[in-house]
file protein-v8.tsv (TSV, C-alpha atoms)
chain	number	residue	atom	x	y	z
A	1	MET	CA	-86.45	-8.94	120.87
A	2	SER	CA	-88.93	-10.86	118.73
A	3	PRO	CA	-87.72	-13.71	116.52
A	4	ARG	CA	-86.82	-12.88	112.93
A	5	VAL	CA	-89.60	-13.76	110.52
A	6	GLY	CA	-88.67	-14.93	107.03
A	7	GLY	CA	-89.62	-12.68	104.17
A	8	ALA	CA	-91.33	-13.16	100.87
A	9	ARG	CA	-89.74	-12.47	97.49
A	10	LEU	CA	-90.66	-12.45	93.84
A	11	LEU	CA	-89.32	-15.54	92.10
A	12	GLY	CA	-90.63	-14.97	88.61
A	13	LEU	CA	-92.68	-12.65	86.43
A	14	GLY	CA	-94.91	-13.18	83.40
A	15	GLY	CA	-97.20	-11.21	81.16
A	16	ALA	CA	-99.73	-11.68	78.40
A	17	LEU	CA	-101.02	-9.19	75.85
A	18	PRO	CA	-103.80	-9.57	73.30
A	19	THR	CA	-102.71	-9.74	69.69
A	20	ARG	CA	-104.66	-6.70	68.45
A	21	VAL	CA	-102.72	-3.43	68.67
A	22	VAL	CA	-104.69	-0.18	68.40
A	23	THR	CA	-102.67	2.92	67.62
A	24	ASN	CA	-103.55	6.46	68.61
A	25	ASP	CA	-104.19	7.29	64.96
A	26	GLU	CA	-106.69	4.44	64.69
A	27	LEU	CA	-108.42	5.58	67.87
A	28	CYS	CA	-108.46	9.22	66.75
A	29	ALA	CA	-110.36	8.25	63.60
A	30	ARG	CA	-113.43	8.08	65.84
A	31	LEU	CA	-112.46	10.79	68.34
A	32	ASP	CA	-111.87	14.52	68.03
A	33	SER	CA	-108.24	14.12	69.07
A	34	SER	CA	-104.74	13.52	67.72
A	35	ASP	CA	-101.80	11.22	68.36
A	36	GLU	CA	-99.78	14.19	69.61
A	37	TRP	CA	-102.52	15.26	72.07
A	38	ILE	CA	-102.81	11.74	73.52
A	39	ARG	CA	-99.05	11.19	73.80
A	40	ALA	CA	-98.48	14.60	75.43
A	41	ARG	CA	-101.09	13.95	78.12
A	42	THR	CA	-100.75	10.20	78.72
A	43	GLY	CA	-97.56	8.91	77.15
A	44	VAL	CA	-99.66	6.20	75.49
A	45	ARG	CA	-98.83	5.36	71.87
A	46	THR	CA	-100.64	2.05	71.48
A	47	ARG	CA	-102.87	-0.21	73.49
A	48	ARG	CA	-103.90	-3.87	73.22
A	49	ILE	CA	-107.51	-4.93	72.85
A	50	ALA	CA	-108.60	-8.49	73.50
A	51	GLY	CA	-110.58	-10.36	70.90
A	52	ALA	CA	-112.27	-13.72	70.70
A	53	GLY	CA	-110.30	-16.37	72.54
A	54	GLU	CA	-108.53	-13.81	74.75
A	55	SER	CA	-110.64	-13.92	77.90
A	56	VAL	CA	-109.63	-12.63	81.33
A	57	ALA	CA	-108.96	-16.23	82.43
A	58	GLN	CA	-106.99	-17.13	79.29
A	59	LEU	CA	-104.78	-14.04	79.51
A	60	ALA	CA	-104.26	-14.75	83.21
A	61	ALA	CA	-103.28	-18.38	82.57
A	62	VAL	CA	-100.72	-17.36	79.93
A	63	ALA	CA	-99.19	-14.75	82.27
A	64	GLY	CA	-99.28	-17.17	85.20
A	65	GLY	CA	-97.62	-19.92	83.20
A	66	LYS	CA	-94.83	-17.57	82.18
A	67	ALA	CA	-94.32	-16.47	85.81
A	68	LEU	CA	-94.10	-20.10	86.97
A	69	ALA	CA	-91.60	-20.91	84.21
A	70	ASP	CA	-89.54	-17.82	85.06
A	71	ALA	CA	-89.51	-18.90	88.73
A	72	GLY	CA	-88.61	-22.49	87.88
A	73	LEU	CA	-91.71	-23.74	89.71
A	74	ALA	CA	-93.98	-26.63	88.77
A	75	PRO	CA	-97.76	-26.39	89.25
A	76	ALA	CA	-97.47	-28.76	92.23
A	77	ASP	CA	-95.22	-26.20	93.98
A	78	VAL	CA	-98.03	-23.60	94.18
A	79	ASP	CA	-100.11	-23.42	97.38
A	80	LEU	CA	-102.16	-20.30	96.66
A	81	VAL	CA	-103.54	-18.60	93.53
A	82	ILE	CA	-104.90	-15.06	93.74
A	83	LEU	CA	-106.51	-13.34	90.76
A	84	THR	CA	-107.28	-9.66	90.81
A	85	SER	CA	-109.54	-8.23	88.13
A	86	SER	CA	-112.17	-5.55	87.77
A	87	SER	CA	-113.40	-6.93	84.47
A	88	ARG	CA	-114.32	-10.53	85.21
A	89	PRO	CA	-117.26	-11.60	83.03
A	90	SER	CA	-119.29	-12.54	86.14
A	91	GLN	CA	-119.01	-12.23	89.90
A	92	ILE	CA	-119.70	-15.90	90.55
A	93	PRO	CA	-117.87	-18.19	90.22
A	94	GLY	CA	-114.46	-16.69	90.80
A	95	LEU	CA	-111.81	-17.09	88.12
A	96	ALA	CA	-108.85	-18.04	90.34
A	97	PRO	CA	-109.96	-21.71	90.47
A	98	GLU	CA	-110.31	-21.75	86.67
A	99	ILE	CA	-106.84	-20.25	86.25
A	100	ALA	CA	-105.39	-22.82	88.65
A	101	ASP	CA	-107.05	-25.58	86.64
A	102	LEU	CA	-105.78	-24.18	83.32
A	103	LEU	CA	-102.25	-24.22	84.76
A	104	GLY	CA	-102.55	-27.72	86.25
A	105	ILE	CA	-102.43	-26.44	89.82
A	106	ARG	CA	-104.52	-28.98	91.72
A	107	ALA	CA	-103.94	-28.52	95.47
A	108	ALA	CA	-103.97	-24.79	96.11
A	109	GLY	CA	-106.23	-22.31	97.80
A	110	THR	CA	-107.72	-19.87	95.32
A	111	PHE	CA	-109.62	-16.59	95.47
A	112	ASP	CA	-110.34	-13.41	93.52
A	113	THR	CA	-110.02	-9.79	94.56
A	114	ILE	CA	-111.52	-6.73	92.93
A	115	ALA	CA	-109.62	-3.54	93.65
A	116	GLY	CA	-109.17	-1.71	90.36
A	117	CYS	CA	-105.80	-0.22	89.59
A	118	ALA	CA	-104.32	-1.08	93.00
A	119	GLY	CA	-105.55	-4.68	92.85
A	120	PHE	CA	-102.19	-6.22	92.03
A	121	CYS	CA	-100.56	-4.43	94.97
A	122	TYR	CA	-103.26	-5.66	97.36
A	123	ALA	CA	-103.08	-9.22	96.02
A	124	LEU	CA	-99.29	-9.24	96.19
A	125	ALA	CA	-99.35	-7.99	99.80
A	126	THR	CA	-101.90	-10.68	100.69
A	127	ALA	CA	-99.72	-13.37	99.11
A	128	ALA	CA	-96.63	-12.04	100.92
A	129	SER	CA	-98.53	-12.20	104.21
A	130	ALA	CA	-99.50	-15.81	103.52
A	131	VAL	CA	-95.86	-16.68	102.79
A	132	THR	CA	-94.39	-14.85	105.79
A	133	SER	CA	-96.99	-16.37	108.12
A	134	GLY	CA	-95.89	-19.83	107.05
A	135	THR	CA	-99.27	-20.93	105.68
A	136	THR	CA	-98.07	-20.78	102.06
A	137	ARG	CA	-94.77	-21.77	100.44
A	138	ASN	CA	-95.40	-20.39	96.94
A	139	ALA	CA	-98.22	-18.13	95.77
A	140	LEU	CA	-99.14	-17.12	92.25
A	141	VAL	CA	-100.61	-13.62	91.93
A	142	VAL	CA	-102.23	-12.65	88.64
A	143	ALA	CA	-103.80	-9.37	87.53
A	144	SER	CA	-105.85	-9.74	84.37
A	145	GLU	CA	-108.09	-7.17	82.75
A	146	ARG	CA	-110.30	-6.90	79.72
A	147	VAL	CA	-111.60	-3.42	80.49
A	148	THR	CA	-112.03	-2.47	76.86
A	149	ASP	CA	-115.32	-4.40	76.92
A	150	TYR	CA	-116.64	-1.68	79.26
A	151	ALA	CA	-114.84	1.39	77.89
A	152	ASN	CA	-116.64	4.36	76.39
A	153	TRP	CA	-114.79	4.63	73.07
A	154	ASP	CA	-116.44	7.97	72.32
A	155	ASP	CA	-114.91	9.73	75.35
A	156	PRO	CA	-111.68	11.40	74.14
A	157	LYS	CA	-110.41	11.89	77.71
A	158	ALA	CA	-110.83	8.27	78.80
A	159	ALA	CA	-110.71	6.11	75.67
A	160	PRO	CA	-106.95	6.54	75.10
A	161	LEU	CA	-106.22	5.11	78.57
A	162	TRP	CA	-107.86	1.68	78.20
A	163	GLY	CA	-106.18	-1.55	77.22
A	164	ASP	CA	-106.27	-5.25	78.05
A	165	GLY	CA	-103.67	-7.67	79.35
A	166	ALA	CA	-102.37	-9.67	82.28
A	167	GLY	CA	-99.33	-9.74	84.53
A	168	ALA	CA	-98.27	-12.33	87.11
A	169	ALA	CA	-95.71	-12.88	89.84

call {"tool": "encode", "arguments": {"input": "protein-v8.tsv", "output": "structure tokens"}}
result
Amino acid sequence: MSPRVGGARLLGLGGALPTRVVTNDELCARLDSSDEWIRARTGVRTRRIAGAGESVAQLAAVAGGKALADAGLAPADVDLVILTSSSRPSQIPGLAPEIADLLGIRAAGTFDTIAGCAGFCYALATAASAVTSGTTRNALVVASERVTDYANWDDPKAAPLWGDGAGAA
């Protein structure tokens, strides 16, 4: 029988949403659609859209800070920071080091992943593997998106689905 390997667990969660709320009615003013049509097909009533000062990195840092506080961890307790985002403003440099810096995390490995909707799941599994292998004590995983910068707001089938925000564990 092989020796029991310790597991990984979520210690804290955090989130960040932009301040601007866009309702279905506001969106439908430019689309040939209605609030009822959108809600019946998507369940979406409102979405958040990032404005000036609400970058992918800034949203991520707010969410990450809340997750650390919820977990009762200090920045010095974090060994690994993983950001997943499909809407980073550039491919190079990665944003995980910037997020670590914004949070005061100084001695951690950092990297970005790009995996769309499943990105948080992939990043969380990667962090769990690092913890269970013993190479990491505490990892911070952050998903942060500002996809509304790339959305086609004239497409009535897709526009209602987009929103911005960040979540962390």

call {"tool": "closest_residue", "arguments": {"input": "protein-v8.tsv", "among": "A:Asp112, A:Glu26, A:Asp70, A:Glu36", "to": "A:Ile99", "atoms": "only C-alpha atoms"}}
result
A:Asp112

call {"tool": "atom_distance", "arguments": {"input": "protein-v8.tsv", "atom1": "atom CA of A:Ile82", "atom2": "atom CA of A:Val141"}}
result
4.9 Å

call {"tool": "residues_around", "arguments": {"input": "protein-v8.tsv", "residues": "A:Arg106", "least_positions_apart": "3", "cutoff": "9 Å", "atoms": "all atoms listed in the file", "output": "list in words"}}
result
Pro75, Ala76, Val78, Ala100, Asp101 and Leu103 of chain A

call {"tool": "residues_around", "arguments": {"input": "protein-v8.tsv", "residues": "A:Val131", "least_positions_apart": "2", "cutoff": "10 Å", "atoms": "all atoms listed in the file", "output": "compact mmCIF listing (two decimals) with C-alpha atoms, keeping the file's coordinate frame"}}
result
# COMPACT_ATOMS: atom_id res chain seq x y z
CA GLY A 6 -88.67 -14.93 107.03
CA GLY A 7 -89.62 -12.68 104.17
CA ALA A 8 -91.33 -13.16 100.87
CA ARG A 9 -89.74 -12.47 97.49
CA ASP A 79 -100.11 -23.42 97.38
CA LEU A 80 -102.16 -20.30 96.66
CA ALA A 125 -99.35 -7.99 99.80
CA THR A 126 -101.90 -10.68 100.69
CA ALA A 127 -99.72 -13.37 99.11
CA ALA A 128 -96.63 -12.04 100.92
CA SER A 129 -98.53 -12.20 104.21
CA SER A 133 -96.99 -16.37 108.12
CA GLY A 134 -95.89 -19.83 107.05
CA THR A 135 -99.27 -20.93 105.68
CA THR A 136 -98.07 -20.78 102.06
CA ARG A 137 -94.77 -21.77 100.44
CA ASN A 138 -95.40 -20.39 96.94
CA ALA A 139 -98.22 -18.13 95.77

call {"tool": "residues_around", "arguments": {"input": "protein-v8.tsv", "residues": "stretch 10-17 of chain A", "least_positions_apart": "3", "cutoff": "6 Å", "atoms": "all atoms listed in the file", "output": "PDB file with C-alpha atoms, keeping the file's coordinate frame"}}
result
ATOM      1  CA  LEU A  59    -104.780 -14.040  79.510  1.00  0.00           C
ATOM      2  CA  VAL A  62    -100.720 -17.360  79.930  1.00  0.00           C
ATOM      3  CA  ALA A  63     -99.190 -14.750  82.270  1.00  0.00           C
ATOM      4  CA  LYS A  66     -94.830 -17.570  82.180  1.00  0.00           C
ATOM      5  CA  ALA A  67     -94.320 -16.470  85.810  1.00  0.00           C
ATOM      6  CA  ASP A  70     -89.540 -17.820  85.060  1.00  0.00           C
ATOM      7  CA  ALA A  71     -89.510 -18.900  88.730  1.00  0.00           C
ATOM      8  CA  GLY A 165    -103.670  -7.670  79.350  1.00  0.00           C
ATOM      9  CA  ALA A 166    -102.370  -9.670  82.280  1.00  0.00           C
ATOM     10  CA  GLY A 167     -99.330  -9.740  84.530  1.00  0.00           C
ATOM     11  CA  ALA A 168     -98.270 -12.330  87.110  1.00  0.00           C
ATOM     12  CA  ALA A 169     -95.710 -12.880  89.840  1.00  0.00           C
TER      13      ALA A 169
END
